[in-house]
Amino acid sequence: MNQPRVSVIIPVRNGKDYLQEALDSVLLQSFTDLELLLIDDGSTDDDYSRYAHQDKRIRVIHLAGTGVSRARNVGMAQSRGDLLAFLDADDVWFPGKLQAQVNYFDAHPKVGVVFGKFIRWQALPSEAFAPASSLMQDAGNLTRADPERSGWLYTRLLDGLLVGMNTAVVRRSVYETIGGFNEAMRQGEDYDFWLKASRVAEMHSLNGPVALYRIHGASAMHRLSSDNHLVNLLKAAAMRWGLKTFNDQSLTPRSFDERLARVYFDHAYAHYWHGDRVIARAAFWHALQRGHRPLRCLAYIALSYWAGHARPSHH
């Protein structure tokens, strides 16, 4: 087989309801020099081997339920392309996305990651989703980068810039330099990967949306953890690399503290309404100590004592 230019890695675990839409959005791309590695991570809802019959560019790899980071790592290790692209099994690419990104890489040989914006794909009141076709935009004419989201992005990533996994394409050389996803992390492994990438290469965002990101009603609630993974990740990054990037952009210690405060507040808020009030109270204290929304923090701290057993059903 000839070596494809792009390897597309799609991890899936019991995702047959949405998978076909994701696959079609790849297979119908105008850029066709690709392989698609479908990493079945211990699914029990379908025989995923059958998807290989749809298109000769599809390879199915079976794992035993080892987690999304391991699935992506196996996909990257077995991929053959010079460019690695990612898509989750319930998300969808816009037409022209890959062609626009390959063209951008060709025009900017020093750029290591090309990503784009994404559109949040909310469920309808019926809990169904509007068809992807009704929300599609042509990404093929995106030729320029968004300067606010392009360059040596380390400090901007630290400060909260989001790189959507399903929008990004990475040069193989970047992956070979930084390694894969941290399989020990329960959350934030993609953020950790982009922080590492931002230390070795410029990352540029195209100036428009390239994908749909499906929002499941309960997804965030299922992932609530007593640990504040994001705060731990940010502190570890700052300890390892500091608050500066290669073009002398830096984040002031005060700005970084404000970023931590926002993360503590969000963690507290999520736990206050959907988790553990004691965990919420401690996180509100951390936000308060950093001067973030003091009146709201104090109000929630007081309420957390008073309404310890209440479980409101709405915000």
# chains A, B, ... in the order shown; residues from 1 in each chain; ligands from 1
$ residues_around --residues "Phe94 (chain A)" --least-positions-apart "5" --cutoff "8 Å" --atoms "only C-alpha atoms" --output "number ranges by chain"
A: 25, 136-139, 210-212
$ write_last_selection --atoms "C-alpha atoms" --output "PDB file, in the first residue's frame"
ATOM      1  CA  SER A  25     -17.520  13.283   7.179  1.00  0.00           C
ATOM      2  CA  MET A 136     -22.471  22.236   7.638  1.00  0.00           C
ATOM      3  CA  GLN A 137     -20.215  24.995   6.401  1.00  0.00           C
ATOM      4  CA  ASP A 138     -17.599  24.762   3.668  1.00  0.00           C
ATOM      5  CA  ALA A 139     -14.182  24.885   5.322  1.00  0.00           C
ATOM      6  CA  VAL A 210     -13.983  23.197  10.712  1.00  0.00           C
ATOM      7  CA  ALA A 211     -16.072  20.756  12.789  1.00  0.00           C
ATOM      8  CA  LEU A 212     -19.186  20.125  14.845  1.00  0.00           C
TER       9      LEU A 212
END
$ residues_around --residues "Gln122 (chain A)" --least-positions-apart "3" --cutoff "7 Å" --atoms "only C-alpha atoms" --output "VMD selection string"
chain A and resid 129 214 to 215
$ write_last_selection --atoms "N, CA and C atoms" --output "mmCIF file, in the first residue's frame"
data_model
loop_
_atom_site.group_PDB
_atom_site.id
_atom_site.type_symbol
_atom_site.label_atom_id
_atom_site.label_comp_id
_atom_site.auth_asym_id
_atom_site.auth_seq_id
_atom_site.Cartn_x
_atom_site.Cartn_y
_atom_site.Cartn_z
ATOM 1 N N PHE A 129 -30.568 15.097 17.668
ATOM 2 C CA PHE A 129 -29.700 16.150 17.152
ATOM 3 C C PHE A 129 -30.149 16.537 15.749
ATOM 4 N N ARG A 214 -20.346 17.616 19.311
ATOM 5 C CA ARG A 214 -21.653 17.214 19.833
ATOM 6 C C ARG A 214 -21.681 17.345 21.357
ATOM 7 N N ILE A 215 -22.677 18.078 21.860
ATOM 8 C CA ILE A 215 -22.820 18.280 23.306
ATOM 9 C C ILE A 215 -23.890 17.325 23.819
#
$ closest_atom_pairs --of "region 236-309 of chain A" --to "region 192-196 of chain A" --cutoff "12 Å" --atoms "only C-alpha atoms" --output "Markdown table"
| residue | atom | partner | partner_atom | distance |
| --- | --- | --- | --- | --- |
| A:Ala236 | CA | A:Asp192 | CA | 9.9 |
| A:Ala237 | CA | A:Leu195 | CA | 7.8 |
| A:Ala238 | CA | A:Leu195 | CA | 10.4 |
| A:Arg240 | CA | A:Lys196 | CA | 10.5 |
| A:Trp241 | CA | A:Lys196 | CA | 9.7 |
| A:Gly242 | CA | A:Leu195 | CA | 11.9 |
| A:Leu243 | CA | A:Leu195 | CA | 11.9 |
| A:Thr245 | CA | A:Leu195 | CA | 11.1 |
$ residues_around --residues "Ala268 (chain A)" --least-positions-apart "6" --cutoff "6 Å" --atoms "only C-alpha atoms" --output "tab-separated table (two decimals) with all heavy atoms, in the first residue's frame"
chain	number	residue	atom	x	y	z
A	280	ALA	N	-17.17	21.50	46.92
A	280	ALA	CA	-17.50	22.82	46.37
A	280	ALA	C	-17.02	23.93	47.31
A	280	ALA	O	-16.40	24.91	46.88
A	280	ALA	CB	-19.01	22.93	46.15
A	283	ALA	N	-13.28	24.53	47.16
A	283	ALA	CA	-12.86	25.17	45.91
A	283	ALA	C	-13.29	26.63	45.85
A	283	ALA	O	-12.56	27.49	45.34
A	283	ALA	CB	-13.42	24.39	44.72
A	284	PHE	N	-14.49	26.94	46.39
A	284	PHE	CA	-14.90	28.35	46.47
A	284	PHE	C	-13.92	29.15	47.33
A	284	PHE	O	-13.60	30.30	47.04
A	284	PHE	CB	-16.32	28.49	47.01
A	284	PHE	CG	-17.40	28.25	45.99
A	284	PHE	CD1	-18.42	27.31	46.22
A	284	PHE	CD2	-17.44	28.97	44.81
A	284	PHE	CE1	-19.41	27.10	45.28
A	284	PHE	CE2	-18.44	28.77	43.86
A	284	PHE	CZ	-19.43	27.82	44.10
$ select_by_dssp --residues "region 26-116 of chain A" --states "helix (DSSP H, G or I)" --output "number ranges by chain"
A: 26-27, 48-53, 68-78, 97-107
$ closest_atom_pairs --of "region 171-198 of chain A" --to "region 103-111 of chain A" --cutoff "12 Å" --atoms "only C-alpha atoms" --output "Markdown table"
| residue | atom | partner | partner_atom | distance |
| --- | --- | --- | --- | --- |
| A:Arg171 | CA | A:Val111 | CA | 8.4 |
| A:Arg172 | CA | A:Val111 | CA | 11.8 |
| A:Ser173 | CA | A:Val111 | CA | 10.9 |
| A:Val174 | CA | A:Val111 | CA | 9.8 |
| A:Ala197 | CA | A:Val111 | CA | 11.0 |
| A:Ser198 | CA | A:Val111 | CA | 10.5 |
$ write_last_selection --atoms "N, CA, C and O atoms" --output "PDB file, in the first residue's frame"
ATOM      1  N   ARG A 171       1.753  17.500  12.693  1.00  0.00           N
ATOM      2  CA  ARG A 171       2.847  16.871  11.949  1.00  0.00           C
ATOM      3  C   ARG A 171       3.405  15.683  12.730  1.00  0.00           C
ATOM      4  O   ARG A 171       3.527  15.744  13.953  1.00  0.00           O
ATOM      5  N   ARG A 172       3.751  14.643  12.019  1.00  0.00           N
ATOM      6  CA  ARG A 172       4.324  13.462  12.677  1.00  0.00           C
ATOM      7  C   ARG A 172       5.570  13.836  13.487  1.00  0.00           C
ATOM      8  O   ARG A 172       5.805  13.298  14.568  1.00  0.00           O
ATOM      9  N   SER A 173       6.347  14.785  13.004  1.00  0.00           N
ATOM     10  CA  SER A 173       7.576  15.169  13.710  1.00  0.00           C
ATOM     11  C   SER A 173       7.270  15.717  15.104  1.00  0.00           C
ATOM     12  O   SER A 173       8.055  15.517  16.040  1.00  0.00           O
ATOM     13  N   VAL A 174       6.124  16.398  15.272  1.00  0.00           N
ATOM     14  CA  VAL A 174       5.735  16.912  16.588  1.00  0.00           C
ATOM     15  C   VAL A 174       5.413  15.741  17.518  1.00  0.00           C
ATOM     16  O   VAL A 174       5.884  15.676  18.662  1.00  0.00           O
ATOM     17  N   ALA A 197       2.887  20.134  22.910  1.00  0.00           N
ATOM     18  CA  ALA A 197       3.112  20.494  21.504  1.00  0.00           C
ATOM     19  C   ALA A 197       3.504  21.966  21.374  1.00  0.00           C
ATOM     20  O   ALA A 197       4.375  22.322  20.573  1.00  0.00           O
ATOM     21  N   SER A 198       2.892  22.810  22.191  1.00  0.00           N
ATOM     22  CA  SER A 198       3.128  24.253  22.096  1.00  0.00           C
ATOM     23  C   SER A 198       4.542  24.639  22.526  1.00  0.00           C
ATOM     24  O   SER A 198       4.986  25.754  22.260  1.00  0.00           O
TER      25      SER A 198
END
$ residues_around --residues "region 293-308 of chain A" --least-positions-apart "4" --cutoff "9 Å" --atoms "only C-alpha atoms" --output "PDB file with N, CA and C atoms, in the first residue's frame"
ATOM      1  N   PHE A 265     -13.245  28.210  40.678  1.00  0.00           N
ATOM      2  CA  PHE A 265     -14.657  28.614  40.756  1.00  0.00           C
ATOM      3  C   PHE A 265     -15.536  27.667  39.933  1.00  0.00           C
ATOM      4  N   TYR A 269     -18.482  25.394  41.355  1.00  0.00           N
ATOM      5  CA  TYR A 269     -19.859  25.584  40.867  1.00  0.00           C
ATOM      6  C   TYR A 269     -20.460  24.250  40.406  1.00  0.00           C
ATOM      7  N   TYR A 272     -21.151  22.185  43.416  1.00  0.00           N
ATOM      8  CA  TYR A 272     -22.240  22.721  44.233  1.00  0.00           C
ATOM      9  C   TYR A 272     -23.590  22.218  43.707  1.00  0.00           C
ATOM     10  N   ASP A 276     -20.556  17.322  45.211  1.00  0.00           N
ATOM     11  CA  ASP A 276     -20.343  17.274  46.650  1.00  0.00           C
ATOM     12  C   ASP A 276     -20.184  18.695  47.189  1.00  0.00           C
ATOM     13  N   ARG A 277     -21.052  19.079  48.126  1.00  0.00           N
ATOM     14  CA  ARG A 277     -21.018  20.452  48.653  1.00  0.00           C
ATOM     15  C   ARG A 277     -19.729  20.745  49.430  1.00  0.00           C
ATOM     16  N   VAL A 278     -19.146  19.728  50.064  1.00  0.00           N
ATOM     17  CA  VAL A 278     -17.910  19.943  50.827  1.00  0.00           C
ATOM     18  C   VAL A 278     -16.757  20.260  49.873  1.00  0.00           C
ATOM     19  N   ALA A 280     -17.170  21.500  46.921  1.00  0.00           N
ATOM     20  CA  ALA A 280     -17.498  22.819  46.371  1.00  0.00           C
ATOM     21  C   ALA A 280     -17.017  23.928  47.305  1.00  0.00           C
ATOM     22  N   ARG A 281     -17.276  23.758  48.601  1.00  0.00           N
ATOM     23  CA  ARG A 281     -16.919  24.796  49.573  1.00  0.00           C
ATOM     24  C   ARG A 281     -15.404  25.058  49.559  1.00  0.00           C
ATOM     25  N   ALA A 282     -14.620  23.991  49.558  1.00  0.00           N
ATOM     26  CA  ALA A 282     -13.156  24.141  49.561  1.00  0.00           C
ATOM     27  C   ALA A 282     -12.683  24.868  48.304  1.00  0.00           C
ATOM     28  N   PHE A 284     -14.490  26.939  46.386  1.00  0.00           N
ATOM     29  CA  PHE A 284     -14.897  28.352  46.466  1.00  0.00           C
ATOM     30  C   PHE A 284     -13.919  29.146  47.335  1.00  0.00           C
ATOM     31  N   TRP A 285     -13.430  28.538  48.413  1.00  0.00           N
ATOM     32  CA  TRP A 285     -12.441  29.214  49.261  1.00  0.00           C
ATOM     33  C   TRP A 285     -11.183  29.536  48.464  1.00  0.00           C
ATOM     34  N   ALA A 287     -10.926  30.004  45.251  1.00  0.00           N
ATOM     35  CA  ALA A 287     -11.231  31.101  44.324  1.00  0.00           C
ATOM     36  C   ALA A 287     -11.285  32.436  45.077  1.00  0.00           C
ATOM     37  N   LEU A 288     -11.908  32.402  46.250  1.00  0.00           N
ATOM     38  CA  LEU A 288     -12.045  33.611  47.060  1.00  0.00           C
ATOM     39  C   LEU A 288     -10.672  34.154  47.480  1.00  0.00           C
ATOM     40  N   GLN A 289      -9.775  33.265  47.870  1.00  0.00           N
ATOM     41  CA  GLN A 289      -8.427  33.690  48.298  1.00  0.00           C
ATOM     42  C   GLN A 289      -7.677  34.399  47.173  1.00  0.00           C
TER      43      GLN A 289
END
$ residues_around --residues "region 56-62 of chain A" --least-positions-apart "5" --cutoff "10 Å" --atoms "only C-alpha atoms" --output "ChimeraX atom specification"
/A:4,7-12,23,27,32-43,48-51,71,74-75,78-79
$ closest_atom_pairs --of "region 187-265 of chain A" --to "region 145-153 of chain A" --cutoff "6 Å" --atoms "only C-alpha atoms" --output "JSON lines"
{"residue": "A:Ser198", "atom": "CA", "partner": "A:Leu153", "partner_atom": "CA", "distance": 5.6}
{"residue": "A:Glu202", "atom": "CA", "partner": "A:Trp152", "partner_atom": "CA", "distance": 4.8}
{"residue": "A:Met203", "atom": "CA", "partner": "A:Gly151", "partner_atom": "CA", "distance": 5.5}
{"residue": "A:His204", "atom": "CA", "partner": "A:Ser150", "partner_atom": "CA", "distance": 4.0}
{"residue": "A:Ser205", "atom": "CA", "partner": "A:Ala145", "partner_atom": "CA", "distance": 5.4}
{"residue": "A:Leu206", "atom": "CA", "partner": "A:Ala145", "partner_atom": "CA", "distance": 4.3}
{"residue": "A:Asn207", "atom": "CA", "partner": "A:Asp146", "partner_atom": "CA", "distance": 4.6}
$ write_last_selection --atoms "C-alpha atoms" --output "PDB file, in the first residue's frame"
ATOM      1  CA  SER A 198       3.128  24.253  22.096  1.00  0.00           C
ATOM      2  CA  GLU A 202       4.067  26.879  16.358  1.00  0.00           C
ATOM      3  CA  MET A 203       0.352  26.101  16.341  1.00  0.00           C
ATOM      4  CA  HIS A 204      -1.974  28.001  14.002  1.00  0.00           C
ATOM      5  CA  SER A 205      -5.771  28.148  13.960  1.00  0.00           C
ATOM      6  CA  LEU A 206      -7.619  28.655  10.696  1.00  0.00           C
ATOM      7  CA  ASN A 207      -9.948  31.649  10.878  1.00  0.00           C
TER       8      ASN A 207
END
$ atom_distance --atom1 "CA of Ile119 (chain A)" --atom2 "CA of Leu161 (chain A)"
15.4 Å
$ closest_atom_pairs --of "region 123-166 of chain A" --to "region 177-191 of chain A" --cutoff "9 Å" --atoms "only C-alpha atoms" --output "tab-separated table"
residue	atom	partner	partner_atom	distance
A:Leu157	CA	A:Tyr191	CA	8.2
A:Leu162	CA	A:Tyr191	CA	8.1
A:Val163	CA	A:Tyr191	CA	7.7
A:Gly164	CA	A:Asp190	CA	8.8
A:Met165	CA	A:Asp190	CA	7.0
$ write_last_selection --atoms "N, CA and C atoms" --output "PDB file, in the first residue's frame"
ATOM      1  N   LEU A 157      -2.442  28.998  25.788  1.00  0.00           N
ATOM      2  CA  LEU A 157      -3.074  27.748  26.234  1.00  0.00           C
ATOM      3  C   LEU A 157      -3.191  27.720  27.753  1.00  0.00           C
ATOM      4  N   LEU A 162      -8.614  27.234  23.928  1.00  0.00           N
ATOM      5  CA  LEU A 162      -9.055  25.848  23.747  1.00  0.00           C
ATOM      6  C   LEU A 162      -8.727  25.360  22.343  1.00  0.00           C
ATOM      7  N   VAL A 163      -8.084  24.202  22.253  1.00  0.00           N
ATOM      8  CA  VAL A 163      -7.855  23.542  20.969  1.00  0.00           C
ATOM      9  C   VAL A 163      -8.791  22.336  20.921  1.00  0.00           C
ATOM     10  N   GLY A 164      -9.764  22.364  20.044  1.00  0.00           N
ATOM     11  CA  GLY A 164     -10.696  21.241  19.913  1.00  0.00           C
ATOM     12  C   GLY A 164      -9.995  20.048  19.285  1.00  0.00           C
ATOM     13  N   MET A 165     -10.036  18.916  19.982  1.00  0.00           N
ATOM     14  CA  MET A 165      -9.349  17.710  19.497  1.00  0.00           C
ATOM     15  C   MET A 165      -9.780  17.358  18.074  1.00  0.00           C
TER      16      MET A 165
END
$ closest_residue --among "A:Ala52, A:Val6, A:Val200, A:Ala22" --to "Asp91 (chain A)" --atoms "only C-alpha atoms"
A:Ala22
$ select_by_dssp --residues "region 178-312 of chain A" --states "strand (DSSP E)" --output "ChimeraX atom specification"
/A:202-215
$ closest_residue --among "A:Arg199, A:Leu158, A:His292, A:Gly65" --to "Pro253 (chain A)" --atoms "only C-alpha atoms"
A:Leu158
$ atom_distance --atom1 "CA of Val169 (chain A)" --atom2 "CA of Leu63 (chain A)"
23.5 Å
$ closest_residue --among "A:Arg254, A:His271, A:Arg13, A:Arg262" --to "Ala89 (chain A)" --atoms "only C-alpha atoms"
A:Arg13
$ closest_residue --among "A:Thr155, A:Ser134, A:Thr44, A:Ser30" --to "Asn247 (chain A)" --atoms "only C-alpha atoms"
A:Thr155
